[in-house]
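See below for protein-v9.txt, which holds compact mmCIF, N, CA and C atoms.
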# COMPACT_ATOMS: atom_id res chain seq x y z
N MET A 15 101.91 117.97 100.32
CA MET A 15 101.69 119.03 99.36
C MET A 15 101.76 120.37 100.10
N THR A 16 102.42 121.35 99.52
CA THR A 16 102.58 122.66 100.12
C THR A 16 101.29 123.46 100.04
N GLU A 17 100.96 124.12 101.13
CA GLU A 17 99.79 124.99 101.15
C GLU A 17 100.13 126.29 100.41
N LEU A 18 99.30 126.70 99.46
CA LEU A 18 99.52 127.92 98.71
C LEU A 18 98.58 129.00 99.20
N SER A 19 99.12 130.19 99.42
CA SER A 19 98.32 131.31 99.91
C SER A 19 97.83 132.16 98.73
N PRO A 20 96.86 133.05 98.97
CA PRO A 20 96.44 133.97 97.91
C PRO A 20 97.60 134.83 97.40
N GLU A 21 98.54 135.14 98.28
CA GLU A 21 99.71 135.92 97.86
C GLU A 21 100.57 135.14 96.87
N ASP A 22 100.60 133.81 97.01
CA ASP A 22 101.33 132.97 96.06
C ASP A 22 100.67 132.99 94.69
N ARG A 23 99.40 133.36 94.62
CA ARG A 23 98.64 133.39 93.37
C ARG A 23 98.56 134.79 92.78
N THR A 24 99.32 135.74 93.34
CA THR A 24 99.29 137.13 92.90
C THR A 24 100.69 137.55 92.48
N ALA A 25 100.80 138.23 91.35
CA ALA A 25 102.11 138.72 90.89
C ALA A 25 102.68 139.69 91.91
N ALA A 26 103.98 139.58 92.12
CA ALA A 26 104.66 140.49 93.04
C ALA A 26 104.53 141.92 92.56
N ALA A 27 104.46 142.83 93.52
CA ALA A 27 104.31 144.24 93.19
C ALA A 27 105.63 144.81 92.68
N ASN A 28 105.54 145.68 91.70
CA ASN A 28 106.67 146.41 91.16
C ASN A 28 106.97 147.58 92.09
N ALA A 29 108.17 148.16 92.02
CA ALA A 29 108.52 149.31 92.84
C ALA A 29 107.57 150.48 92.60
N ALA A 30 107.19 150.68 91.35
CA ALA A 30 106.26 151.75 91.00
C ALA A 30 105.12 151.14 90.19
N GLU A 31 103.90 151.52 90.53
CA GLU A 31 102.75 150.98 89.82
C GLU A 31 102.76 151.42 88.35
N VAL A 32 102.45 150.50 87.46
CA VAL A 32 102.43 150.77 86.03
C VAL A 32 101.16 151.54 85.70
N ASP A 33 101.30 152.59 84.90
CA ASP A 33 100.15 153.36 84.45
C ASP A 33 99.84 152.92 83.02
N GLY A 34 98.80 152.15 82.86
CA GLY A 34 98.45 151.64 81.55
C GLY A 34 98.14 150.16 81.63
N PRO A 35 97.82 149.54 80.50
CA PRO A 35 97.43 148.14 80.50
C PRO A 35 98.56 147.22 80.96
N VAL A 36 98.16 146.12 81.61
CA VAL A 36 99.11 145.09 82.03
C VAL A 36 98.56 143.72 81.63
N THR A 37 99.49 142.78 81.51
CA THR A 37 99.13 141.40 81.19
C THR A 37 99.68 140.49 82.26
N LEU A 38 98.82 139.66 82.81
CA LEU A 38 99.25 138.63 83.74
C LEU A 38 99.56 137.38 82.92
N ILE A 39 100.76 136.84 83.11
CA ILE A 39 101.11 135.56 82.51
C ILE A 39 101.43 134.63 83.68
N ASN A 40 100.65 133.57 83.79
CA ASN A 40 100.73 132.69 84.95
C ASN A 40 100.90 131.25 84.48
N GLY A 41 102.11 130.72 84.65
CA GLY A 41 102.39 129.35 84.26
C GLY A 41 102.06 128.38 85.37
N PHE A 42 101.34 127.30 85.04
CA PHE A 42 100.90 126.31 86.02
C PHE A 42 101.62 124.98 85.81
N VAL A 43 102.02 124.38 86.91
CA VAL A 43 102.59 123.04 86.90
C VAL A 43 101.44 122.06 87.09
N VAL A 44 101.17 121.26 86.06
CA VAL A 44 100.03 120.34 86.09
C VAL A 44 100.49 118.99 85.54
N ASP A 45 100.37 117.97 86.33
CA ASP A 45 100.67 116.62 85.86
C ASP A 45 99.67 116.25 84.76
N GLU A 46 100.15 115.56 83.73
CA GLU A 46 99.28 115.19 82.60
C GLU A 46 98.02 114.47 83.04
N SER A 47 98.11 113.71 84.09
CA SER A 47 96.94 112.95 84.56
C SER A 47 95.91 113.84 85.24
N ARG A 48 96.24 115.12 85.47
CA ARG A 48 95.34 116.02 86.20
C ARG A 48 94.77 117.14 85.33
N ASP A 49 94.93 117.03 84.01
CA ASP A 49 94.45 118.09 83.12
C ASP A 49 92.98 118.42 83.32
N GLU A 50 92.14 117.40 83.38
CA GLU A 50 90.70 117.63 83.50
C GLU A 50 90.36 118.34 84.82
N ALA A 51 90.96 117.91 85.90
CA ALA A 51 90.72 118.55 87.20
C ALA A 51 91.19 120.00 87.18
N PHE A 52 92.36 120.23 86.59
CA PHE A 52 92.89 121.59 86.52
C PHE A 52 91.99 122.50 85.71
N THR A 53 91.61 122.08 84.50
CA THR A 53 90.82 122.96 83.64
C THR A 53 89.44 123.23 84.23
N ALA A 54 88.85 122.26 84.91
CA ALA A 54 87.55 122.48 85.56
C ALA A 54 87.69 123.53 86.66
N LEU A 55 88.73 123.43 87.45
CA LEU A 55 88.98 124.39 88.53
C LEU A 55 89.29 125.77 87.94
N TRP A 56 90.09 125.82 86.89
CA TRP A 56 90.42 127.09 86.24
C TRP A 56 89.16 127.78 85.72
N ARG A 57 88.29 127.01 85.08
CA ARG A 57 87.05 127.59 84.53
C ARG A 57 86.17 128.17 85.65
N ARG A 58 86.05 127.44 86.75
CA ARG A 58 85.25 127.96 87.87
C ARG A 58 85.87 129.23 88.44
N THR A 59 87.17 129.24 88.58
CA THR A 59 87.86 130.41 89.13
C THR A 59 87.78 131.60 88.18
N SER A 60 87.84 131.36 86.88
CA SER A 60 87.81 132.45 85.91
C SER A 60 86.49 133.23 85.97
N GLU A 61 85.43 132.59 86.44
CA GLU A 61 84.14 133.28 86.57
C GLU A 61 84.26 134.49 87.49
N TYR A 62 85.11 134.41 88.48
CA TYR A 62 85.34 135.55 89.39
C TYR A 62 85.98 136.70 88.62
N PHE A 63 87.04 136.41 87.87
CA PHE A 63 87.81 137.47 87.23
C PHE A 63 87.02 138.22 86.16
N VAL A 64 86.22 137.53 85.38
CA VAL A 64 85.50 138.20 84.30
C VAL A 64 84.48 139.21 84.82
N ARG A 65 84.12 139.13 86.08
CA ARG A 65 83.18 140.08 86.68
C ARG A 65 83.86 141.31 87.28
N GLN A 66 85.19 141.35 87.27
CA GLN A 66 85.91 142.41 87.96
C GLN A 66 86.10 143.65 87.10
N PRO A 67 85.98 144.85 87.71
CA PRO A 67 86.23 146.09 86.97
C PRO A 67 87.67 146.10 86.43
N GLY A 68 87.82 146.52 85.19
CA GLY A 68 89.15 146.61 84.59
C GLY A 68 89.62 145.33 83.92
N PHE A 69 88.84 144.26 84.04
CA PHE A 69 89.19 143.00 83.37
C PHE A 69 89.00 143.19 81.87
N VAL A 70 89.95 142.69 81.06
CA VAL A 70 89.88 142.83 79.61
C VAL A 70 89.68 141.49 78.93
N SER A 71 90.53 140.52 79.22
CA SER A 71 90.46 139.24 78.52
C SER A 71 91.17 138.16 79.32
N LEU A 72 90.85 136.91 78.93
CA LEU A 72 91.45 135.77 79.62
C LEU A 72 91.57 134.62 78.63
N ARG A 73 92.75 134.03 78.59
CA ARG A 73 92.99 132.87 77.71
C ARG A 73 93.81 131.85 78.47
N LEU A 74 93.48 130.59 78.25
CA LEU A 74 94.24 129.49 78.83
C LEU A 74 94.93 128.75 77.69
N HIS A 75 96.25 128.66 77.78
CA HIS A 75 97.05 128.01 76.74
C HIS A 75 97.57 126.67 77.24
N ARG A 76 97.55 125.67 76.37
CA ARG A 76 98.09 124.34 76.69
C ARG A 76 99.37 124.14 75.88
N ALA A 77 100.43 123.71 76.54
CA ALA A 77 101.71 123.47 75.88
C ALA A 77 101.59 122.32 74.88
N LEU A 78 102.21 122.48 73.74
CA LEU A 78 102.27 121.42 72.74
C LEU A 78 103.62 120.70 72.79
N SER A 79 104.63 121.37 73.31
CA SER A 79 105.96 120.79 73.40
C SER A 79 106.03 119.80 74.56
N PRO A 80 106.47 118.58 74.28
CA PRO A 80 106.60 117.59 75.35
C PRO A 80 107.62 118.07 76.40
N GLY A 81 107.33 117.81 77.64
CA GLY A 81 108.26 118.15 78.71
C GLY A 81 108.26 119.61 79.12
N ALA A 82 107.30 120.40 78.66
CA ALA A 82 107.25 121.81 79.06
C ALA A 82 107.09 121.92 80.57
N GLN A 83 107.84 122.82 81.18
CA GLN A 83 107.75 123.02 82.63
C GLN A 83 106.34 123.45 83.03
N PHE A 84 105.80 124.40 82.28
CA PHE A 84 104.44 124.88 82.55
C PHE A 84 103.55 124.38 81.42
N ARG A 85 102.82 123.32 81.68
CA ARG A 85 101.96 122.72 80.65
C ARG A 85 100.74 123.58 80.35
N TRP A 86 100.35 124.41 81.31
CA TRP A 86 99.21 125.31 81.13
C TRP A 86 99.66 126.72 81.50
N VAL A 87 99.29 127.69 80.66
CA VAL A 87 99.63 129.09 80.90
C VAL A 87 98.38 129.94 80.73
N ASN A 88 98.09 130.70 81.75
CA ASN A 88 96.96 131.61 81.78
C ASN A 88 97.47 133.00 81.37
N VAL A 89 96.81 133.65 80.42
CA VAL A 89 97.17 135.00 80.00
C VAL A 89 95.94 135.88 80.17
N ALA A 90 96.05 136.88 81.03
CA ALA A 90 94.91 137.75 81.34
C ALA A 90 95.29 139.21 81.12
N GLY A 91 94.44 139.92 80.41
CA GLY A 91 94.64 141.34 80.19
C GLY A 91 93.83 142.17 81.18
N TRP A 92 94.45 143.23 81.67
CA TRP A 92 93.81 144.15 82.61
C TRP A 92 94.01 145.59 82.12
N GLU A 93 93.01 146.43 82.33
CA GLU A 93 93.11 147.83 81.92
C GLU A 93 94.26 148.54 82.61
N SER A 94 94.57 148.11 83.84
CA SER A 94 95.63 148.77 84.61
C SER A 94 96.12 147.84 85.71
N GLU A 95 97.28 148.16 86.23
CA GLU A 95 97.78 147.40 87.37
C GLU A 95 96.87 147.62 88.58
N ARG A 96 96.35 148.81 88.72
CA ARG A 96 95.44 149.11 89.83
C ARG A 96 94.22 148.19 89.79
N ALA A 97 93.64 147.98 88.60
CA ALA A 97 92.48 147.07 88.47
C ALA A 97 92.89 145.64 88.81
N TYR A 98 94.06 145.22 88.34
CA TYR A 98 94.56 143.88 88.66
C TYR A 98 94.70 143.71 90.17
N ARG A 99 95.34 144.67 90.82
CA ARG A 99 95.57 144.59 92.27
C ARG A 99 94.26 144.59 93.03
N ALA A 100 93.30 145.40 92.60
CA ALA A 100 92.00 145.45 93.28
C ALA A 100 91.30 144.10 93.21
N ALA A 101 91.32 143.48 92.05
CA ALA A 101 90.67 142.17 91.87
C ALA A 101 91.36 141.09 92.67
N HIS A 102 92.64 141.27 92.94
CA HIS A 102 93.43 140.26 93.66
C HIS A 102 93.56 140.56 95.15
N SER A 103 92.73 141.46 95.65
CA SER A 103 92.81 141.80 97.07
C SER A 103 91.48 141.64 97.81
N THR A 104 90.51 141.01 97.16
CA THR A 104 89.21 140.84 97.80
C THR A 104 89.12 139.53 98.58
N ASP A 105 88.16 139.47 99.47
CA ASP A 105 87.91 138.23 100.21
C ASP A 105 87.47 137.12 99.26
N GLU A 106 86.69 137.48 98.23
CA GLU A 106 86.25 136.47 97.28
C GLU A 106 87.44 135.89 96.52
N PHE A 107 88.40 136.73 96.12
CA PHE A 107 89.61 136.23 95.47
C PHE A 107 90.32 135.23 96.39
N ARG A 108 90.49 135.61 97.64
CA ARG A 108 91.17 134.74 98.60
C ARG A 108 90.46 133.39 98.68
N ARG A 109 89.13 133.42 98.65
CA ARG A 109 88.35 132.18 98.73
C ARG A 109 88.51 131.32 97.48
N VAL A 110 88.41 131.93 96.28
CA VAL A 110 88.45 131.12 95.06
C VAL A 110 89.83 130.53 94.80
N VAL A 111 90.90 131.24 95.13
CA VAL A 111 92.24 130.72 94.83
C VAL A 111 92.79 129.79 95.91
N THR A 112 92.04 129.65 96.99
CA THR A 112 92.44 128.68 98.02
C THR A 112 91.41 127.55 98.11
N ALA A 113 90.51 127.48 97.13
CA ALA A 113 89.51 126.42 97.09
C ALA A 113 90.20 125.06 97.02
N ALA A 114 89.51 124.06 97.51
CA ALA A 114 90.05 122.70 97.48
C ALA A 114 90.50 122.35 96.06
N GLY A 115 91.67 121.80 95.95
CA GLY A 115 92.21 121.38 94.66
C GLY A 115 93.34 122.26 94.15
N TRP A 116 93.31 123.54 94.44
CA TRP A 116 94.33 124.45 93.89
C TRP A 116 95.73 124.14 94.39
N GLN A 117 95.87 123.60 95.60
CA GLN A 117 97.20 123.32 96.14
C GLN A 117 97.97 122.34 95.25
N ALA A 118 97.29 121.56 94.44
CA ALA A 118 97.95 120.59 93.56
C ALA A 118 98.54 121.24 92.31
N PHE A 119 98.26 122.54 92.10
CA PHE A 119 98.67 123.20 90.87
C PHE A 119 99.44 124.49 91.16
N PRO A 120 100.71 124.38 91.54
CA PRO A 120 101.49 125.59 91.79
C PRO A 120 101.66 126.40 90.50
N SER A 121 101.86 127.69 90.68
CA SER A 121 101.99 128.56 89.51
C SER A 121 102.99 129.68 89.79
N VAL A 122 103.31 130.41 88.71
CA VAL A 122 104.23 131.54 88.80
C VAL A 122 103.57 132.74 88.14
N PRO A 123 102.77 133.51 88.90
CA PRO A 123 102.10 134.67 88.32
C PRO A 123 103.06 135.86 88.18
N THR A 124 103.08 136.46 86.98
CA THR A 124 103.96 137.58 86.73
C THR A 124 103.22 138.61 85.87
N LEU A 125 103.33 139.89 86.24
CA LEU A 125 102.72 140.96 85.44
C LEU A 125 103.72 141.49 84.42
N TYR A 126 103.21 141.82 83.25
CA TYR A 126 104.02 142.38 82.17
C TYR A 126 103.32 143.59 81.59
N GLU A 127 104.13 144.48 81.01
CA GLU A 127 103.60 145.57 80.20
C GLU A 127 104.25 145.45 78.83
N VAL A 128 103.59 145.97 77.80
CA VAL A 128 104.14 145.90 76.45
C VAL A 128 105.34 146.83 76.37
N ASP A 129 106.44 146.30 75.88
CA ASP A 129 107.65 147.09 75.65
C ASP A 129 107.79 147.42 74.17
N THR A 130 107.58 146.41 73.33
CA THR A 130 107.74 146.57 71.88
C THR A 130 106.62 145.78 71.20
N GLU A 131 106.07 146.36 70.17
CA GLU A 131 105.02 145.67 69.42
C GLU A 131 105.38 145.70 67.93
N VAL A 132 105.26 144.55 67.30
CA VAL A 132 105.53 144.44 65.87
C VAL A 132 104.20 144.01 65.22
N VAL A 133 103.75 144.80 64.26
CA VAL A 133 102.51 144.48 63.56
C VAL A 133 102.78 144.42 62.06
N PRO A 134 102.00 143.63 61.32
CA PRO A 134 102.22 143.54 59.89
C PRO A 134 102.01 144.89 59.21
N ALA A 135 102.77 145.11 58.17
CA ALA A 135 102.66 146.39 57.43
C ALA A 135 101.41 146.45 56.62
Mind turning this structure into structure tokens?
Amino acid sequence: MTELSPEDRTAAANAAEVDGPVTLINGFVVDESRDEAFTALWRRTSEYFVRQPGFVSLRLHRALSPGAQFRWVNVAGWESERAYRAAHSTDEFRRVVTAAGWQAFPSVPTLYEVDTEVVPA
């Protein structure tokens, strides 16, 4: 199993920091037989993020479509990219995302900003 670093668990930096809210979308590769282990680890790790300045929200989504590449997707809202980066640069972050068990669940963390929004009339 490949060793994953804290940098592997952090979205790559953009050329210019985004001014305004950002959303982290992080797809996890989880074998069906490991759902319980993954969600327990995710819940423990999420306790760190909810205490961080600039944290807005956190949701864990489970794929309903059979054969989905990312069976679990984490969606986290942050007040700013700066707040996201600060939370992802602490020693505690490094400790929680390299805790025993995480190496079994590779992910693809990516930051997004809203480009277009459609709301009901």
Would you list the contacts of stretch 70-72 of chain A as an NGL selection string, taking every protein, DNA or RNA residue within 6.5 Å and counting all atoms listed in the file, but skipping same-chain residues closer than 4 positions in sequence?
:A and (89-93)
Written file, previous selection with N, CA and C atoms, as an mmCIF file, in the frame of the given file:
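New file result-v3.cif:
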data_model
loop_
_atom_site.group_PDB
_atom_site.id
_atom_site.type_symbol
_atom_site.label_atom_id
_atom_site.label_comp_id
_atom_site.auth_asym_id
_atom_site.auth_seq_id
_atom_site.Cartn_x
_atom_site.Cartn_y
_atom_site.Cartn_z
ATOM 1 N N VAL A 89 96.810 133.650 80.420
ATOM 2 C CA VAL A 89 97.170 135.000 80.000
ATOM 3 C C VAL A 89 95.940 135.880 80.170
ATOM 4 N N ALA A 90 96.050 136.880 81.030
ATOM 5 C CA ALA A 90 94.910 137.750 81.340
ATOM 6 C C ALA A 90 95.290 139.210 81.120
ATOM 7 N N GLY A 91 94.440 139.920 80.410
ATOM 8 C CA GLY A 91 94.640 141.340 80.190
ATOM 9 C C GLY A 91 93.830 142.170 81.180
ATOM 10 N N TRP A 92 94.450 143.230 81.670
ATOM 11 C CA TRP A 92 93.810 144.150 82.610
ATOM 12 C C TRP A 92 94.010 145.590 82.120
ATOM 13 N N GLU A 93 93.010 146.430 82.330
ATOM 14 C CA GLU A 93 93.110 147.830 81.920
ATOM 15 C C GLU A 93 94.260 148.540 82.610
#
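Among the candidate residues A:Pro67, A:Pro120, A:Gly81, A:Gly115, the one lying nearest to A:Phe42 is A:Pro120, with distances computed using all atoms listed in the file.
What separates atom CA of A:Arg108 from atom C of A:Asp45 is a distance of 24.6 Å.
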Provide the atom CA of A:Arg48 to atom CA of A:Thr124 distance in Å, to one decimal place.
23.2 Å
Could you go through chain A and tell me which residues DSSP, when run on the backbone, assigns to alpha helix (DSSP H), listing them as a PyMOL selection string?
chain A and resi 49-64+95-101+105-111
So how far away is atom CA of A:Arg76 from atom CA of A:Tyr98, in Å?
23.2 Å
Using only C-alpha atoms, find each residue in stretch 79-134 of chain A having at least one atom no more than 10 Å away from stretch 26-41 of chain A; report its shortest atom-to-atom pair and that distance in Å (one decimal), rows by chain then rising number, as JSON lines.
{"residue": "A:Gln83", "atom": "CA", "partner": "A:Gly41", "partner_atom": "CA", "distance": 8.5}
{"residue": "A:Phe84", "atom": "CA", "partner": "A:Gly41", "partner_atom": "CA", "distance": 5.2}
{"residue": "A:Arg85", "atom": "CA", "partner": "A:Gly41", "partner_atom": "CA", "distance": 7.6}
{"residue": "A:Trp86", "atom": "CA", "partner": "A:Gly41", "partner_atom": "CA", "distance": 6.0}
{"residue": "A:Val87", "atom": "CA", "partner": "A:Gly41", "partner_atom": "CA", "distance": 4.4}
{"residue": "A:Asn88", "atom": "CA", "partner": "A:Asn40", "partner_atom": "CA", "distance": 5.0}
{"residue": "A:Val89", "atom": "CA", "partner": "A:Ile39", "partner_atom": "CA", "distance": 4.7}
{"residue": "A:Ala90", "atom": "CA", "partner": "A:Leu38", "partner_atom": "CA", "distance": 5.0}
{"residue": "A:Gly91", "atom": "CA", "partner": "A:Thr37", "partner_atom": "CA", "distance": 4.6}
{"residue": "A:Trp92", "atom": "CA", "partner": "A:Val36", "partner_atom": "CA", "distance": 5.4}
{"residue": "A:Glu93", "atom": "CA", "partner": "A:Pro35", "partner_atom": "CA", "distance": 4.6}
{"residue": "A:Ser94", "atom": "CA", "partner": "A:Pro35", "partner_atom": "CA", "distance": 4.5}
{"residue": "A:Glu95", "atom": "CA", "partner": "A:Val32", "partner_atom": "CA", "distance": 5.9}
{"residue": "A:Arg96", "atom": "CA", "partner": "A:Glu31", "partner_atom": "CA", "distance": 7.5}
{"residue": "A:Ala97", "atom": "CA", "partner": "A:Pro35", "partner_atom": "CA", "distance": 9.4}
{"residue": "A:Tyr98", "atom": "CA", "partner": "A:Val36", "partner_atom": "CA", "distance": 8.1}
{"residue": "A:Arg99", "atom": "CA", "partner": "A:Ala27", "partner_atom": "CA", "distance": 8.8}
{"residue": "A:Phe119", "atom": "CA", "partner": "A:Gly41", "partner_atom": "CA", "distance": 9.8}
{"residue": "A:Pro120", "atom": "CA", "partner": "A:Gly41", "partner_atom": "CA", "distance": 8.5}
{"residue": "A:Ser121", "atom": "CA", "partner": "A:Gly41", "partner_atom": "CA", "distance": 5.3}
{"residue": "A:Val122", "atom": "CA", "partner": "A:Asn40", "partner_atom": "CA", "distance": 5.3}
{"residue": "A:Pro123", "atom": "CA", "partner": "A:Asn40", "partner_atom": "CA", "distance": 4.1}
{"residue": "A:Thr124", "atom": "CA", "partner": "A:Ile39", "partner_atom": "CA", "distance": 5.5}
{"residue": "A:Leu125", "atom": "CA", "partner": "A:Leu38", "partner_atom": "CA", "distance": 4.5}
{"residue": "A:Tyr126", "atom": "CA", "partner": "A:Thr37", "partner_atom": "CA", "distance": 5.1}
{"residue": "A:Glu127", "atom": "CA", "partner": "A:Val36", "partner_atom": "CA", "distance": 4.9}
{"residue": "A:Val128", "atom": "CA", "partner": "A:Val36", "partner_atom": "CA", "distance": 7.6}
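Among the candidates A:Asp49, A:Glu21, A:Glu61, A:Asp129, the residue lying nearest to A:His102 is A:Glu21 (atoms considered: only N, CA and C atoms).
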Between A:Ala54, A:Val111, A:Gly68, A:Asp105, which has the minimum distance to A:Arg23 (counting only N, CA and C atoms)?
A:Val111
Residue nearest A:Phe69 - candidates A:Val133, A:Ala51, A:Ala101, A:Ala82, atoms counted: only C-alpha atoms
A:Ala101
